[in-house]
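Participant: Supplied structure: run.txt, compact mmCIF, C-alpha atoms.
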```
# COMPACT_ATOMS: atom_id res chain seq x y z
CA MET A 30 0.00 0.00 0.00
CA ARG A 31 1.33 3.39 -0.98
CA ASP A 32 -0.16 6.88 -0.92
CA VAL A 33 -3.73 5.72 -0.26
CA THR A 34 -6.35 8.06 1.21
CA PHE A 35 -8.48 5.99 3.56
CA GLY A 36 -11.84 6.96 4.99
CA ALA A 37 -12.91 5.89 8.48
CA ARG A 38 -13.39 2.23 9.42
CA VAL A 39 -11.91 0.77 6.22
CA LYS A 40 -11.02 -2.92 6.34
CA ILE A 41 -8.24 -4.23 4.09
CA VAL A 42 -7.31 -7.91 3.92
CA GLU A 43 -3.73 -8.34 2.78
CA PRO A 44 -2.00 -9.15 0.57
CA CYS A 45 -3.21 -6.57 -1.90
CA ASN A 46 -1.81 -3.75 -4.04
CA LEU A 47 -3.34 -0.36 -3.38
CA TYR A 48 -1.59 2.77 -4.59
CA ASP A 49 -2.39 6.42 -5.20
CA CYS A 50 -6.13 5.79 -4.76
CA GLU A 51 -8.98 6.83 -2.49
CA ILE A 52 -11.08 4.42 -0.42
CA GLY A 53 -14.21 5.86 1.25
CA ASP A 54 -15.63 5.34 4.74
CA ASP A 55 -16.69 1.85 5.85
CA CYS A 56 -15.27 0.11 2.75
CA PHE A 57 -13.92 -3.42 2.53
CA VAL A 58 -11.13 -4.55 0.18
CA GLY A 59 -10.44 -8.28 0.03
CA PRO A 60 -7.14 -10.10 -0.49
CA PHE A 61 -5.27 -10.39 -3.78
CA THR A 62 -6.86 -7.24 -5.18
CA GLU A 63 -5.20 -4.42 -7.07
CA VAL A 64 -6.53 -0.88 -6.97
CA GLN A 65 -4.50 1.44 -9.17
CA LYS A 66 -3.62 5.11 -9.30
CA GLY A 67 -6.46 7.61 -9.32
CA VAL A 68 -9.23 5.11 -8.52
CA THR A 69 -11.97 6.31 -6.17
CA ILE A 70 -14.16 3.86 -4.27
CA GLY A 71 -17.21 5.37 -2.58
CA ALA A 72 -18.36 4.88 0.99
CA ARG A 73 -19.66 1.50 2.14
CA SER A 74 -18.53 -0.30 -1.01
CA ARG A 75 -17.06 -3.80 -0.93
CA VAL A 76 -14.40 -5.18 -3.26
CA GLN A 77 -13.97 -8.94 -2.98
CA SER A 78 -10.81 -10.98 -3.54
CA HIS A 79 -8.85 -11.13 -6.78
CA ALA A 80 -10.48 -8.02 -8.26
CA PHE A 81 -8.48 -5.70 -10.55
CA ILE A 82 -9.48 -2.04 -10.63
CA CYS A 83 -7.33 -0.14 -13.11
CA GLU A 84 -6.66 3.57 -13.47
CA LEU A 85 -9.54 5.83 -14.57
CA VAL A 86 -12.21 3.93 -12.59
CA THR A 87 -14.65 5.58 -10.19
CA ILE A 88 -16.95 3.39 -8.11
CA GLY A 89 -19.94 4.93 -6.33
CA GLU A 90 -21.28 4.40 -2.83
CA ASP A 91 -22.83 1.17 -1.51
CA CYS A 92 -21.44 -0.90 -4.36
CA PHE A 93 -20.39 -4.56 -4.45
CA VAL A 94 -17.55 -5.78 -6.67
CA GLY A 95 -17.45 -9.58 -6.72
CA HIS A 96 -14.50 -11.95 -6.73
CA GLY A 97 -12.27 -11.73 -9.79
CA VAL A 98 -13.98 -8.73 -11.39
CA MET A 99 -11.73 -7.06 -13.99
CA PHE A 100 -11.96 -3.44 -15.04
CA ILE A 101 -10.38 -2.54 -18.39
CA ASN A 102 -9.22 0.92 -19.50
CA ASP A 103 -7.42 0.03 -22.75
CA THR A 104 -9.82 -0.78 -25.60
CA PHE A 105 -7.04 -1.73 -28.04
CA ALA A 106 -8.31 1.14 -30.23
CA THR A 107 -5.23 0.91 -32.46
CA GLY A 108 -5.55 -2.85 -32.94
CA GLY A 109 -3.29 -3.71 -30.00
CA PRO A 110 -2.32 -2.58 -26.52
CA ALA A 111 -1.77 1.11 -25.86
CA ARG A 112 1.72 0.26 -24.56
CA GLY A 113 1.54 2.93 -21.89
CA ASP A 114 0.05 5.65 -24.11
CA LYS A 115 -2.53 6.86 -21.59
CA THR A 116 -4.18 9.11 -24.18
CA LEU A 117 -5.71 5.90 -25.59
CA TRP A 118 -7.17 4.80 -22.25
CA ARG A 119 -10.83 5.43 -21.40
CA LYS A 120 -12.57 5.92 -18.05
CA THR A 121 -15.24 3.90 -16.27
CA VAL A 122 -17.82 5.41 -13.92
CA ILE A 123 -19.92 3.12 -11.74
CA GLY A 124 -23.02 4.62 -10.10
CA ASN A 125 -24.29 4.06 -6.58
CA ARG A 126 -25.78 0.77 -5.34
CA VAL A 127 -24.29 -1.22 -8.23
CA SER A 128 -23.55 -4.92 -7.70
CA ILE A 129 -21.11 -6.65 -10.04
CA GLY A 130 -21.04 -10.46 -9.95
CA SER A 131 -17.90 -12.56 -9.78
CA ASN A 132 -15.62 -12.75 -12.81
CA ALA A 133 -17.42 -9.99 -14.71
CA THR A 134 -15.36 -7.84 -17.08
CA ILE A 135 -16.15 -4.14 -17.21
CA MET A 136 -14.93 -2.27 -20.28
CA PRO A 137 -14.69 1.57 -20.22
CA VAL A 138 -18.36 2.43 -19.66
CA ARG A 139 -20.77 4.39 -17.48
CA ILE A 140 -23.16 2.35 -15.33
CA ALA A 141 -26.24 4.00 -13.80
CA ASP A 142 -27.34 3.69 -10.18
CA ASP A 143 -29.16 0.55 -8.99
CA VAL A 144 -27.76 -1.90 -11.52
CA VAL A 145 -26.96 -5.59 -11.02
CA ILE A 146 -24.39 -7.18 -13.34
CA GLY A 147 -24.53 -10.97 -13.45
CA ALA A 148 -21.50 -13.15 -12.76
CA GLY A 149 -19.26 -13.69 -15.78
CA SER A 150 -20.85 -10.88 -17.77
CA VAL A 151 -18.91 -8.62 -20.12
CA VAL A 152 -20.13 -5.02 -20.07
CA THR A 153 -19.15 -3.40 -23.37
CA LYS A 154 -21.60 -0.47 -23.54
CA ASP A 155 -22.97 2.17 -21.19
CA ILE A 156 -25.87 1.09 -18.97
CA ALA A 157 -28.23 4.04 -18.50
CA ALA A 158 -31.22 2.38 -16.80
CA ALA A 159 -31.51 0.55 -13.48
CA GLY A 160 -32.03 -3.18 -13.78
CA THR A 161 -30.37 -6.58 -14.03
CA TYR A 162 -27.92 -7.22 -16.86
CA ALA A 163 -26.05 -10.38 -17.82
CA GLY A 164 -24.30 -12.13 -20.68
CA ASN A 165 -21.56 -11.47 -23.20
CA PRO A 166 -22.17 -8.77 -24.15
CA ALA A 167 -24.31 -7.86 -21.14
CA ARG A 168 -27.98 -7.27 -21.95
CA ARG A 169 -30.86 -6.14 -19.78
CA LEU A 170 -32.76 -9.07 -18.34
CA ALA A 171 -35.16 -7.24 -16.03
CA PRO A 172 -35.95 -3.70 -14.91
CA ARG A 173 -35.31 -2.67 -11.34
CA SER A 174 -38.27 -3.74 -9.20
```
Here is the file; what I need is its structure written in the form of structure tokens.
Facilitator:
Amino acid sequence: MRDVTFGARVKIVEPCNLYDCEIGDDCFVGPFTEVQKGVTIGARSRVQSHAFICELVTIGEDCFVGHGVMFINDTFATGGPARGDKTLWRKTVIGNRVSIGSNATIMPVRIADDVVIGAGSVVTKDIAAAGTYAGNPARRLAPRS
């Protein structure tokens, strides 16, 4: 852990890599996670084990990030990796009360409040309406009830 801004009552289970990020009040970060530079995780959110949260990700309050969830910021826009050219990276913004199931992959998108992403899903496009989404690519299965 290096240069992390922690809120009150944060629980971290080591080992994990957290650097140059911000973790809100009452958050939990499980073991074998990586939270990179510039990431913000809102209050009362939980990040389970083996998750990877790359640069340019903002997670809202009261969120759940399941085991093995991967966030992606490089879309391979040039046909391959950006190779450190951060101008090619894109940001991800997760709303409040979003639950992301285990082993989901989240591409650079915006996800509205009150969304559930099913386990193993691949989110490739913005999600603007509350509801349950699953699949590859993730599609809306049900509205928020």
Participant: May I ask which of the residues A:Pro110, A:Pro137, A:Gly59, A:Gly130 is the closest one to A:Glu84, counting all atoms listed in the file?
Facilitator: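 Of A:Pro110, A:Pro137, A:Gly59, A:Gly130, the one nearest A:Glu84, counting all atoms listed in the file, is A:Pro137.
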Participant: Between atom CA of A:Val68 and atom CA of A:Asn125, what distance in Å does the model show, to one decimal?
Facilitator: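 Separation between atom CA of A:Val68 and atom CA of A:Asn125: 15.2 Å.
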Participant: Select, counting all atoms listed in the file, all protein, DNA and RNA residues no farther than 7 Å from (-23.6, 2.0, 2.1) in file coordinates, and express the selection as a PyMOL selection string.
Facilitator: chain A and resi 72-74+90-91
Participant: Let me have the centre and edge lengths in Å, one decimal, of the box along x, y and z around every listed atom of stretch 49-64 of chain A with 8 Å of margin on each side, as JSON.
Facilitator:
```
{"center_x": -9.5, "center_y": -1.8, "center_z": -0.6, "size_x": 30.3, "size_y": 33.2, "size_z": 28.9}
```
Participant: What gap, in Å, lies between atom CA of A:Met136 and atom CA of A:Ile123?
Facilitator: 11.3 Å
Participant: Could you produce a table of the residues of stretch 80-156 of chain A lying within 12 Å of stretch 49-52 of chain A, with the nearest pair of atoms per residue and their separation in Å rounded to one decimal, using all atoms listed in the file, ordered by chain and increasing residue number, as a Markdown table?
Facilitator:
```
| residue | atom | partner | partner_atom | distance |
| --- | --- | --- | --- | --- |
| A:Ile82 | CA | A:Cys50 | CA | 10.3 |
| A:Cys83 | CA | A:Cys50 | CA | 10.3 |
| A:Glu84 | CA | A:Cys50 | CA | 9.0 |
| A:Leu85 | CA | A:Cys50 | CA | 10.4 |
| A:Val86 | CA | A:Cys50 | CA | 10.1 |
| A:Thr87 | CA | A:Glu51 | CA | 9.6 |
| A:Ile88 | CA | A:Ile52 | CA | 9.7 |
| A:Gly89 | CA | A:Ile52 | CA | 10.7 |
| A:Glu90 | CA | A:Ile52 | CA | 10.5 |
```
Participant: Restrict the selected residues to C-alpha atoms and save them as a short mmCIF file (atom, residue, chain, number, x, y, z; two decimals), in the frame of the given file.
Facilitator:
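The new file out-v7.cif reads:
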```cif
data_model
loop_
_atom_site.label_atom_id
_atom_site.label_comp_id
_atom_site.auth_asym_id
_atom_site.auth_seq_id
_atom_site.Cartn_x
_atom_site.Cartn_y
_atom_site.Cartn_z
CA ILE A 82 -9.48 -2.04 -10.63
CA CYS A 83 -7.33 -0.14 -13.11
CA GLU A 84 -6.66 3.57 -13.47
CA LEU A 85 -9.54 5.83 -14.57
CA VAL A 86 -12.21 3.93 -12.59
CA THR A 87 -14.65 5.58 -10.19
CA ILE A 88 -16.95 3.39 -8.11
CA GLY A 89 -19.94 4.93 -6.33
CA GLU A 90 -21.28 4.40 -2.83
#
```
Participant: From the options A:Phe35, A:Ile135, A:Arg173, A:Lys66, which residue's atoms come nearest to A:Asp54, counting only C-alpha atoms?
Facilitator: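 Smallest separation from A:Asp54 among the options: A:Phe35.
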Participant: Hey, which of A:Phe61, A:Thr134, A:Val144, A:Arg31 ends up closest to A:Asn165? Count all atoms listed in the file.
Facilitator: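 The shortest atom-to-atom distance to A:Asn165 comes from A:Thr134.
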Participant: One decimal, Å: what's the distance from atom CA of A:Ala80 over to atom CA of A:Ser131, could you say?
Facilitator: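 So the answer is 8.8 Å.
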Participant: Residues proximal to (-20.8, -3.0, 1.5) were defined as those with any atom within 10 Å of that point in the file's coordinates, counting all atoms listed in the file. Which are they, as a list in words?
Facilitator: Asp55, Cys56, Phe57, Val58, Gly71, Ala72, Arg73, Ser74, Arg75, Val76, Glu90, Asp91, Cys92, Phe93, Val94, Arg126 and Ser128 of chain A
Participant: Using C-alpha atoms, can you write the selected residues to a file as a PDB file, keeping the file's coordinate frame?
Facilitator:
```
ATOM      1  CA  ASP A  55     -16.690   1.850   5.850  1.00  0.00           C
ATOM      2  CA  CYS A  56     -15.270   0.110   2.750  1.00  0.00           C
ATOM      3  CA  PHE A  57     -13.920  -3.420   2.530  1.00  0.00           C
ATOM      4  CA  VAL A  58     -11.130  -4.550   0.180  1.00  0.00           C
ATOM      5  CA  GLY A  71     -17.210   5.370  -2.580  1.00  0.00           C
ATOM      6  CA  ALA A  72     -18.360   4.880   0.990  1.00  0.00           C
ATOM      7  CA  ARG A  73     -19.660   1.500   2.140  1.00  0.00           C
ATOM      8  CA  SER A  74     -18.530  -0.300  -1.010  1.00  0.00           C
ATOM      9  CA  ARG A  75     -17.060  -3.800  -0.930  1.00  0.00           C
ATOM     10  CA  VAL A  76     -14.400  -5.180  -3.260  1.00  0.00           C
ATOM     11  CA  GLU A  90     -21.280   4.400  -2.830  1.00  0.00           C
ATOM     12  CA  ASP A  91     -22.830   1.170  -1.510  1.00  0.00           C
ATOM     13  CA  CYS A  92     -21.440  -0.900  -4.360  1.00  0.00           C
ATOM     14  CA  PHE A  93     -20.390  -4.560  -4.450  1.00  0.00           C
ATOM     15  CA  VAL A  94     -17.550  -5.780  -6.670  1.00  0.00           C
ATOM     16  CA  ARG A 126     -25.780   0.770  -5.340  1.00  0.00           C
ATOM     17  CA  SER A 128     -23.550  -4.920  -7.700  1.00  0.00           C
TER      18      SER A 128
END
```
